[in-house]
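A quick write-up on the structure given underneath.
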Amino acid sequence: MSEKKILVPNIGDFKNVEVIEVLVKSGQQIKKNDPLITLESDKSSVEVPATDEGKINKINIKVGDKVSEGTEILSLETIGKKDESKKIAKVKENITPKEVVEETPKEIVPAVKKVTAEGISSASPKVRKFARELGADIVQIPGSKRAGRVTEDDVKKFVRSQVSVNEGKVERKIYKDEYPHEAFGEIEIKDLPRVKKLSGPQLVRSWTEIPHVTQHDEIDITEMEQFRTTLIDNYTGERIRISPLAFITRAVVNALKEYPNFNSSIDTATNKLIFKKYYHVGFAVDTPHGLMVPKMRNVDQMGLKEIYEELKRVSKLCKELKIDKKEFFGGSMTISSLGGIGGNFFTPIINPPEVAILGVGKTFEKVKKVNGQFIERKILPISLSYDHRVIDGAEGARFCVHLSKSLGKDFAFKLAV
């Protein structure tokens, strides 16, 4: 018979944590990996298992005690000495280093380290999940704790090391695929369109540097559509054609006047907001050359028909590649409409230095209960993305409500008058 002390092992960031349960008692026969105690920190709780089997002589801690790595939990009577070669075999069988280190004598720790170097990384489930959410491979992350254990700080440092910002441009390390695409079948290689080459870095910068929040809503535009499709020229008797996008653009301008934070840009150098007194609305144009986002100037001074004609004029210039480069800059806010193609909700990416973008889906019909009756209504799906450094959720929700009212019954009737 020999006596062995069971100590609190390396349990990550746990230090001076409270014992909330003692799961064994003196005289009890226990087996390896049987739970002994439960510890709880302000983040989570964890059970500490037995690293040997035998009979408990004495329990040295109680509920309410504070423990750290190395604190003695109990003393155990064991029969003979374990065959250490079996533990080394476990290391070679790819047992997680954390588990092995906690139950392995110092003389075989080098074997554990060797396994870790060969591709097994020691980290808690929480840290592994954190790494996955950031798109990081836990095996590639060097750990700063004992036996190479990886912490959340190690994950953050690794991610920062993979991305750098140089004069506003995001630079990433380039990784080469282990196997080329042609190794799996026939491929075709084409040049990336010039417009996409130009817009790509801007999109990466936006997604990397701006904390995006996207809110989705459904707007009832039944009355607006009835009004829009019945517009008649009083002189010629011909129908006046105005696209839904013209109505949406006008509604966005009204909302920008009410909520000026949406018509601003953030100066990161001075940490100040620049409020714009003009209303230049950008809109996404699908062209054979790629997506372009020109601006319509001073939309607040235009009527619905003027907005519609300007949309057509600017779109034509983009498709013919005759638009001036300056017309892609100096916007208040952008509208990206997929209504002509299809789809409901999506996450539009903000076009910096703007702080918001409105995504518009295809109108669909939905049965709603109105005044006690079920009626078919026309619904416009919208997706509003905004920079959370400038705009909070409450203001984003109010902006959506304002759009809903502007495109609803009241707005349509005011235009009719």
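Starting from 1 in every chain, residues are counted up; chains themselves are A, B, ... following the order of the structure tokens, and ligands are numbered from 1 as listed.
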
Query raised in the report: Just asking: which residues within region 212-283 of chain A are strand (DSSP E or B) according to DSSP, as a list of chain:residue names?
Result: A:His212, A:Val213, A:Thr214, A:Gln215, A:His216, A:Asp217, A:Glu218, A:Ile219, A:Asp220, A:Ile232, A:Arg239, A:Ser264, A:Ser265, A:Ile266, A:Asp267, A:Lys272, A:Leu273, A:Ile274, A:Phe275, A:Val281, A:Gly282, A:Phe283

Written selection (N, CA and C atoms) as a PDB file, in the first residue's frame:
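Below is the file out-v5.pdb, written as the result:
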```pdb
ATOM      1  N   HIS A 212     -20.644  45.977 -38.045  1.00  0.00           N
ATOM      2  CA  HIS A 212     -21.954  45.989 -38.701  1.00  0.00           C
ATOM      3  C   HIS A 212     -23.060  45.450 -37.788  1.00  0.00           C
ATOM      4  N   VAL A 213     -24.208  46.090 -37.838  1.00  0.00           N
ATOM      5  CA  VAL A 213     -25.442  45.547 -37.262  1.00  0.00           C
ATOM      6  C   VAL A 213     -26.495  45.644 -38.353  1.00  0.00           C
ATOM      7  N   THR A 214     -27.253  44.567 -38.562  1.00  0.00           N
ATOM      8  CA  THR A 214     -28.304  44.577 -39.591  1.00  0.00           C
ATOM      9  C   THR A 214     -29.652  44.289 -38.953  1.00  0.00           C
ATOM     10  N   GLN A 215     -30.601  45.177 -39.186  1.00  0.00           N
ATOM     11  CA  GLN A 215     -31.975  44.991 -38.703  1.00  0.00           C
ATOM     12  C   GLN A 215     -32.897  44.759 -39.896  1.00  0.00           C
ATOM     13  N   HIS A 216     -33.809  43.814 -39.724  1.00  0.00           N
ATOM     14  CA  HIS A 216     -34.732  43.451 -40.798  1.00  0.00           C
ATOM     15  C   HIS A 216     -36.153  43.877 -40.418  1.00  0.00           C
ATOM     16  N   ASP A 217     -36.910  44.247 -41.424  1.00  0.00           N
ATOM     17  CA  ASP A 217     -38.291  44.661 -41.164  1.00  0.00           C
ATOM     18  C   ASP A 217     -39.136  44.405 -42.401  1.00  0.00           C
ATOM     19  N   GLU A 218     -40.443  44.370 -42.209  1.00  0.00           N
ATOM     20  CA  GLU A 218     -41.399  44.225 -43.315  1.00  0.00           C
ATOM     21  C   GLU A 218     -42.292  45.458 -43.337  1.00  0.00           C
ATOM     22  N   ILE A 219     -42.377  46.120 -44.487  1.00  0.00           N
ATOM     23  CA  ILE A 219     -43.153  47.350 -44.612  1.00  0.00           C
ATOM     24  C   ILE A 219     -44.365  47.105 -45.503  1.00  0.00           C
ATOM     25  N   ASP A 220     -45.525  47.458 -45.003  1.00  0.00           N
ATOM     26  CA  ASP A 220     -46.763  47.328 -45.772  1.00  0.00           C
ATOM     27  C   ASP A 220     -46.861  48.505 -46.755  1.00  0.00           C
ATOM     28  N   ILE A 232     -51.673  59.291 -63.354  1.00  0.00           N
ATOM     29  CA  ILE A 232     -52.051  59.652 -64.723  1.00  0.00           C
ATOM     30  C   ILE A 232     -51.653  61.100 -65.010  1.00  0.00           C
ATOM     31  N   ARG A 239     -50.335  57.108 -68.559  1.00  0.00           N
ATOM     32  CA  ARG A 239     -49.885  56.682 -67.229  1.00  0.00           C
ATOM     33  C   ARG A 239     -48.475  57.198 -66.968  1.00  0.00           C
ATOM     34  N   SER A 264     -24.034  60.961 -41.549  1.00  0.00           N
ATOM     35  CA  SER A 264     -22.759  61.417 -40.985  1.00  0.00           C
ATOM     36  C   SER A 264     -21.643  60.461 -41.384  1.00  0.00           C
ATOM     37  N   SER A 265     -20.419  60.860 -41.070  1.00  0.00           N
ATOM     38  CA  SER A 265     -19.247  59.994 -41.238  1.00  0.00           C
ATOM     39  C   SER A 265     -18.379  60.163 -40.000  1.00  0.00           C
ATOM     40  N   ILE A 266     -17.699  59.091 -39.608  1.00  0.00           N
ATOM     41  CA  ILE A 266     -16.857  59.151 -38.418  1.00  0.00           C
ATOM     42  C   ILE A 266     -15.403  59.391 -38.829  1.00  0.00           C
ATOM     43  N   ASP A 267     -14.786  60.373 -38.186  1.00  0.00           N
ATOM     44  CA  ASP A 267     -13.370  60.655 -38.398  1.00  0.00           C
ATOM     45  C   ASP A 267     -12.605  59.907 -37.319  1.00  0.00           C
ATOM     46  N   LYS A 272     -14.321  62.160 -34.077  1.00  0.00           N
ATOM     47  CA  LYS A 272     -15.440  63.097 -34.170  1.00  0.00           C
ATOM     48  C   LYS A 272     -16.360  62.717 -35.325  1.00  0.00           C
ATOM     49  N   LEU A 273     -17.614  63.174 -35.239  1.00  0.00           N
ATOM     50  CA  LEU A 273     -18.586  62.907 -36.292  1.00  0.00           C
ATOM     51  C   LEU A 273     -18.691  64.101 -37.236  1.00  0.00           C
ATOM     52  N   ILE A 274     -18.768  63.810 -38.525  1.00  0.00           N
ATOM     53  CA  ILE A 274     -18.954  64.841 -39.544  1.00  0.00           C
ATOM     54  C   ILE A 274     -20.392  64.731 -40.039  1.00  0.00           C
ATOM     55  N   PHE A 275     -21.205  65.744 -39.744  1.00  0.00           N
ATOM     56  CA  PHE A 275     -22.601  65.746 -40.169  1.00  0.00           C
ATOM     57  C   PHE A 275     -22.739  66.475 -41.505  1.00  0.00           C
ATOM     58  N   VAL A 281     -27.832  60.550 -52.286  1.00  0.00           N
ATOM     59  CA  VAL A 281     -28.156  59.141 -52.034  1.00  0.00           C
ATOM     60  C   VAL A 281     -27.507  58.249 -53.086  1.00  0.00           C
ATOM     61  N   GLY A 282     -26.753  57.250 -52.614  1.00  0.00           N
ATOM     62  CA  GLY A 282     -26.150  56.281 -53.521  1.00  0.00           C
ATOM     63  C   GLY A 282     -27.092  55.119 -53.762  1.00  0.00           C
ATOM     64  N   PHE A 283     -26.954  54.486 -54.915  1.00  0.00           N
ATOM     65  CA  PHE A 283     -27.761  53.307 -55.192  1.00  0.00           C
ATOM     66  C   PHE A 283     -26.929  52.325 -56.012  1.00  0.00           C
TER      67      PHE A 283
END
```

Report task. Might you pull out every residue within 8 Å of region 287-299 of chain A, with only C-alpha atoms counted and same-chain residues fewer than 4 positions away left off, and present them as a list in words? Result ->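 Using only C-alpha atoms, the neighbours found are Pro193, Arg194, Val195, Lys196, Arg250, Val253, Tyr278, Tyr279, His280, Val281, Gly282, Phe283, Ile307, Glu310, Leu311, Val314, Cys318, Lys319, Glu327, Phe328, Phe329, Gly330, Gly331 and Thr334 of chain A.
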
Saved selection, atoms kept: C-alpha atoms, as a CSV table (one decimal), in the first residue's frame:
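Done, and the output landed in out-v2.csv:
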```
chain,number,residue,atom,x,y,z
A,193,PRO,CA,-13.5,42.0,-63.8
A,194,ARG,CA,-11.9,45.4,-63.3
A,195,VAL,CA,-14.8,46.9,-61.3
A,196,LYS,CA,-14.7,43.9,-58.9
A,250,ARG,CA,-37.7,59.9,-51.1
A,253,VAL,CA,-34.2,61.3,-47.5
A,278,TYR,CA,-26.6,67.7,-48.2
A,279,TYR,CA,-28.6,64.6,-49.3
A,280,HIS,CA,-26.7,62.6,-51.9
A,281,VAL,CA,-28.2,59.1,-52.0
A,282,GLY,CA,-26.1,56.3,-53.5
A,283,PHE,CA,-27.8,53.3,-55.2
A,307,ILE,CA,-35.8,61.0,-58.9
A,310,GLU,CA,-32.2,60.6,-62.5
A,311,LEU,CA,-32.1,57.0,-61.5
A,314,VAL,CA,-27.1,57.6,-63.9
A,318,CYS,CA,-22.7,53.3,-65.4
A,319,LYS,CA,-23.6,50.6,-67.9
A,327,GLU,CA,-19.8,60.5,-58.8
A,328,PHE,CA,-19.0,57.4,-56.8
A,329,PHE,CA,-18.0,59.5,-53.8
A,330,GLY,CA,-19.6,62.0,-51.4
A,331,GLY,CA,-22.7,60.1,-50.5
A,334,THR,CA,-26.7,54.0,-50.0
```

Requested in this report: Do a neighbour search on Phe158 (chain A) at 9 Å with only C-alpha atoms, toss out local chain neighbours closer than 5 positions, and write the hits as a PyMOL selection string.
Outcome: chain A and resi 136+140-142+153

Keeping only C-alpha atoms, write the selected residues as a CSV table (one decimal), in the first residue's frame.
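Written output follows (out_1.csv):
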```csv
chain,number,residue,atom,x,y,z
A,136,ALA,CA,-8.7,30.4,-36.5
A,140,GLN,CA,-1.7,26.6,-35.3
A,141,ILE,CA,-2.0,28.7,-32.2
A,142,PRO,CA,0.9,28.6,-29.8
A,153,ASP,CA,-5.7,35.9,-25.2
```

Query raised in the report: Which distance in Å separates CA of Lys362 (chain A) and CA of Arg313 (chain A), to one decimal?
Result: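 Interatomic distance here is 22.7 Å.
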
Report task. Would you kindly return, as number ranges by chain, each protein, DNA or RNA residue with an atom no farther than 9 Å from any atom of Ile6 (chain A), considering only C-alpha atoms and excluding same-chain residues fewer than 2 positions away? Result -> A: 4, 8-9, 50-52, 70-76

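For the pair CA of Arg398 (chain A) and CA of Glu306 (chain A), the separation is 27.7 Å.
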